[in-house]
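Just run-v4.txt here, compact mmCIF, C-alpha atoms:
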```txt
# COMPACT_ATOMS: atom_id res chain seq x y z
CA MET Y 75 62.87 210.39 8.27
CA ALA Y 76 65.48 210.30 5.48
CA THR Y 77 64.81 214.00 4.78
CA SER Y 78 65.44 214.84 8.44
CA THR Y 79 68.73 212.94 8.38
CA THR Y 80 69.71 214.57 5.08
CA THR Y 81 68.95 218.04 6.44
CA GLU Y 82 70.90 217.29 9.62
CA SER Y 83 73.90 216.12 7.56
CA GLU Y 84 73.69 219.19 5.34
CA ASN Y 85 73.64 221.44 8.43
CA LYS Y 86 76.73 219.69 9.77
CA LEU Y 87 78.52 220.12 6.44
CA GLN Y 88 77.63 223.81 6.36
CA LEU Y 89 79.00 224.28 9.87
CA ILE Y 90 82.26 222.58 8.92
CA HIS Y 91 82.57 224.41 5.60
CA LYS Y 92 82.14 227.86 7.09
CA LEU Y 93 85.00 227.21 9.53
CA VAL Y 94 87.61 226.21 6.93
CA ARG Y 95 89.84 229.21 6.30
CA ALA Y 96 91.80 229.82 3.11
CA PHE Y 97 95.27 231.36 3.19
CA THR Y 98 96.88 232.38 -0.08
CA ASP Y 99 100.56 231.78 -0.74
CA PHE Y 100 101.06 229.49 2.25
CA PRO Y 101 103.34 227.61 2.80
CA LYS Y 102 104.74 228.90 -0.51
CA THR Y 103 103.72 231.21 -3.33
CA GLY Y 104 100.91 229.87 -5.47
CA VAL Y 105 99.41 227.58 -2.83
CA LEU Y 106 95.93 228.16 -1.39
CA PHE Y 107 96.12 226.55 2.05
CA ARG Y 108 92.93 225.19 3.65
CA ASP Y 109 93.18 225.67 7.42
CA ILE Y 110 91.12 223.31 9.61
CA CYS Y 111 92.26 224.74 12.97
CA PRO Y 112 88.94 226.57 13.55
CA ILE Y 113 87.11 223.22 13.23
CA LEU Y 114 89.30 221.70 15.92
CA LYS Y 115 88.63 224.67 18.20
CA ASP Y 116 84.84 224.38 17.84
CA PRO Y 117 83.39 221.36 19.73
CA ALA Y 118 80.19 221.30 17.64
CA ALA Y 119 82.14 221.35 14.37
CA LEU Y 120 84.56 218.64 15.49
CA THR Y 121 81.64 216.52 16.61
CA ALA Y 122 79.97 217.11 13.23
CA VAL Y 123 83.08 215.87 11.39
CA ILE Y 124 83.17 212.65 13.41
CA ASP Y 125 79.38 212.22 13.12
CA LEU Y 126 79.58 212.42 9.32
CA PHE Y 127 82.52 210.03 9.10
CA GLU Y 128 80.75 207.59 11.44
CA GLU Y 129 77.51 207.81 9.47
CA HIS Y 130 79.36 207.00 6.23
CA VAL Y 131 81.27 204.08 7.72
CA ARG Y 132 78.23 202.52 9.39
CA LYS Y 133 76.22 202.75 6.14
CA LYS Y 134 78.95 201.39 3.89
CA HIS Y 135 80.96 198.86 5.91
CA GLU Y 136 79.65 195.92 7.92
CA GLN Y 137 82.98 195.26 9.61
CA VAL Y 138 85.93 197.51 10.34
CA ASP Y 139 88.85 196.26 12.43
CA LEU Y 140 91.11 199.33 12.60
CA ILE Y 141 91.28 203.01 11.79
CA ILE Y 142 94.67 203.95 10.36
CA GLY Y 143 95.61 207.62 10.82
CA LEU Y 144 98.14 209.34 8.57
CA ASP Y 145 100.82 211.60 10.06
CA ALA Y 146 99.89 214.02 11.45
CA ARG Y 147 96.35 215.30 11.04
CA GLY Y 148 94.88 211.86 10.62
CA PHE Y 149 95.86 211.52 14.28
CA LEU Y 150 93.30 214.21 15.15
CA PHE Y 151 90.24 212.54 13.62
CA GLY Y 152 91.21 208.86 13.64
CA PRO Y 153 91.14 208.14 17.38
CA LEU Y 154 87.77 209.89 17.77
CA LEU Y 155 86.26 207.83 14.95
CA ALA Y 156 87.86 204.62 16.24
CA GLN Y 157 86.39 205.24 19.68
CA ARG Y 158 82.92 205.77 18.20
CA LEU Y 159 83.19 202.57 16.18
CA GLY Y 160 84.67 200.55 19.05
CA VAL Y 161 87.80 199.62 17.10
CA GLY Y 162 91.53 200.22 17.49
CA PHE Y 163 93.62 203.05 16.07
CA VAL Y 164 97.02 202.71 14.37
CA LEU Y 165 99.55 205.38 13.39
CA ILE Y 166 101.26 205.73 10.02
CA ARG Y 167 104.21 208.04 10.66
CA LYS Y 168 107.01 209.65 8.78
CA LYS Y 169 110.16 207.49 8.66
CA GLY Y 170 112.09 207.31 11.93
CA LYS Y 171 109.26 208.36 14.26
CA LEU Y 172 108.09 204.95 15.50
CA PRO Y 173 109.92 202.66 17.93
CA GLY Y 174 110.47 198.97 17.33
CA ALA Y 175 110.36 197.01 14.11
CA THR Y 176 108.60 198.85 11.29
CA VAL Y 177 107.53 198.37 7.68
CA SER Y 178 107.97 201.33 5.34
CA VAL Y 179 107.10 202.61 1.86
CA ALA Y 180 108.92 205.38 -0.02
CA TYR Y 181 107.02 207.71 -2.35
CA ASP Y 182 107.52 210.81 -4.48
CA LEU Y 183 106.46 214.31 -3.52
CA GLU Y 184 106.23 217.32 -5.79
CA TYR Y 185 109.52 218.52 -4.31
CA GLY Y 186 111.38 215.33 -3.42
CA LYS Y 187 110.88 211.97 -1.75
CA ALA Y 188 109.35 210.88 1.52
CA GLU Y 189 108.83 207.66 3.42
CA VAL Y 190 106.09 206.48 5.78
CA GLU Y 191 106.05 203.56 8.14
CA VAL Y 192 103.90 201.52 10.49
CA GLN Y 193 104.94 199.29 13.37
CA GLU Y 194 105.35 195.76 12.08
CA ASP Y 195 102.86 194.26 14.54
CA ALA Y 196 100.24 197.04 14.35
CA VAL Y 197 98.12 195.50 11.59
CA ALA Y 198 97.43 191.80 11.15
CA GLU Y 199 96.98 189.98 7.87
CA GLY Y 200 93.40 190.19 6.64
CA GLN Y 201 92.29 193.02 8.92
CA LYS Y 202 89.78 195.42 7.41
CA VAL Y 203 91.06 198.97 7.73
CA LEU Y 204 90.01 202.53 7.00
CA LEU Y 205 92.64 205.17 6.25
CA ILE Y 206 91.98 208.71 7.50
CA ASP Y 207 93.63 212.09 6.95
CA ASP Y 208 92.63 215.73 6.85
CA LEU Y 209 93.40 216.43 3.20
CA LEU Y 210 93.65 214.64 -0.13
CA ALA Y 211 95.67 216.68 -2.64
CA THR Y 212 97.84 214.81 -5.16
CA GLY Y 213 97.27 211.49 -3.36
CA GLY Y 214 100.93 210.68 -2.74
CA THR Y 215 100.76 210.16 1.01
CA MET Y 216 97.44 208.32 0.97
CA SER Y 217 98.65 206.11 -1.89
CA ALA Y 218 101.78 205.27 0.10
CA ALA Y 219 99.57 204.38 3.07
CA VAL Y 220 97.54 202.04 0.85
CA GLU Y 221 100.78 200.38 -0.31
CA LEU Y 222 101.90 200.04 3.31
CA MET Y 223 98.64 198.28 4.18
CA LYS Y 224 99.10 195.97 1.18
CA LYS Y 225 102.53 195.05 2.54
CA GLN Y 226 100.80 194.19 5.82
CA GLN Y 227 98.21 192.16 3.85
CA ALA Y 228 95.38 194.24 5.28
CA GLN Y 229 92.21 195.02 3.35
CA VAL Y 230 91.76 198.76 2.75
CA LEU Y 231 88.02 199.43 2.78
CA ASP Y 232 88.04 203.19 2.22
CA CYS Y 233 90.11 206.36 2.40
CA LEU Y 234 88.45 209.08 4.49
CA VAL Y 235 89.40 212.76 4.28
CA LEU Y 236 87.95 215.97 5.58
CA ILE Y 237 88.95 217.97 2.48
CA GLU Y 238 89.62 216.86 -1.10
CA LEU Y 239 91.28 219.22 -3.58
CA LYS Y 240 89.56 217.85 -6.68
CA GLU Y 241 91.65 219.68 -9.27
CA LEU Y 242 94.77 217.80 -8.13
CA ASN Y 243 93.17 214.41 -8.95
CA GLY Y 244 94.51 212.58 -5.90
CA ARG Y 245 91.53 210.24 -6.03
CA ASP Y 246 92.88 208.79 -9.29
CA LYS Y 247 95.99 207.41 -7.54
CA LEU Y 248 93.83 205.52 -5.07
CA GLN Y 249 91.78 203.44 -7.50
CA PRO Y 250 90.20 200.94 -6.97
CA HIS Y 251 89.88 202.06 -3.33
CA GLY Y 252 87.02 204.33 -2.40
CA VAL Y 253 87.53 207.91 -1.26
CA PHE Y 254 85.02 209.62 1.02
CA SER Y 255 85.55 213.36 1.46
CA LEU Y 256 83.37 215.67 3.50
CA LEU Y 257 84.34 218.83 1.61
CA GLN Y 258 85.59 219.25 -1.94
CA TYR Y 259 87.30 222.30 -3.34
```

Would you put the structure from the file into structure tokens?
Amino acid sequence: MATSTTTESENKLQLIHKLVRAFTDFPKTGVLFRDICPILKDPAALTAVIDLFEEHVRKKHEQVDLIIGLDARGFLFGPLLAQRLGVGFVLIRKKGKLPGATVSVAYDLEYGKAEVEVQEDAVAEGQKVLLIDDLLATGGTMSAAVELMKKQQAQVLDCLVLIELKELNGRDKLQPHGVFSLLQY
């Protein structure tokens, strides 16, 4: 039975992998952009992504209270996973995009600074959360999201991403938190 499940998972990964497109020099010279739009357009591939995330979470975590999606592509996968798991979904947005009282964290980018925020009442102290985004590159945004959850006194169980760019070592910024990536380049 394990072999059947392994083969099924491998088939799902192959489907997802073949749909990721690479664009050179986008958005600027020297960058190889990984485009996930074809995955979103293909119902079987999108289902495969959520299946694989769900399988990982159910195997690894007994209790999850919330899925936290990072602006903006974490918003694509997070609600689908939250629905499957029967838990709530919370947005982490760029500064100034959420109404009401918020908590924020500033962080450095390769080309400047940025800030992310969450609504103050979105995450309760002690809640067990999973962070989700489409891509892990240098780890700046995901690391800021982890810091934001620490401010909220939530417990970050894992960081989930569709694609990890290994050569940029973003995973290192997230220690001791786990990173689960479906595809690595």

Under the rule of at most 12 Å, produce a per-residue listing of region 152-237 of chain Y near region 80-100 of chain Y: chain, number, name, the closest pair of atoms, and the distance in Å, as JSON lines, using all atoms listed in the file.
```
{"residue": "Y:Asp208", "atom": "CA", "partner": "Y:Val94", "partner_atom": "CA", "distance": 11.6}
{"residue": "Y:Leu209", "atom": "CA", "partner": "Y:Val94", "partner_atom": "CA", "distance": 12.0}
{"residue": "Y:Leu236", "atom": "CA", "partner": "Y:Ile90", "partner_atom": "CA", "distance": 9.3}
{"residue": "Y:Ile237", "atom": "CA", "partner": "Y:Val94", "partner_atom": "CA", "distance": 9.5}
```

Write a file of the selected residues as a PDB file, in the frame of the given file, keeping C-alpha atoms.
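Writing the result to again20.pdb gives the following:
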```
ATOM      1  CA  ASP Y 208      92.630 215.730   6.850  1.00  0.00           C
ATOM      2  CA  LEU Y 209      93.400 216.430   3.200  1.00  0.00           C
ATOM      3  CA  LEU Y 236      87.950 215.970   5.580  1.00  0.00           C
ATOM      4  CA  ILE Y 237      88.950 217.970   2.480  1.00  0.00           C
TER       5      ILE Y 237
END
```

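A straight line drawn from CA of Ser255 (chain Y) to CA of Glu184 (chain Y) is 22.3 Å long.
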
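With only C-alpha atoms as the atoms that count, the residue of Y:Thr215, Y:Gln227, Y:Asn243, Y:Thr79 with the shortest distance to Ala180 (chain Y) is Y:Thr215.
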
query = So how many Å separate CA of Leu231 (chain Y) and CA of Val161 (chain Y), to one decimal?
reply =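 Computing the Euclidean distance for CA of Leu231 (chain Y) and CA of Val161 (chain Y) yields 14.3 Å.
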
ask   = So, counting all atoms listed in the file, which residue among Y:Ile113, Y:Ala218, Y:Ile166, Y:Ile206 is closest to Glu194 (chain Y)?
value =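 The closest residue to Glu194 (chain Y) is Y:Ile166.
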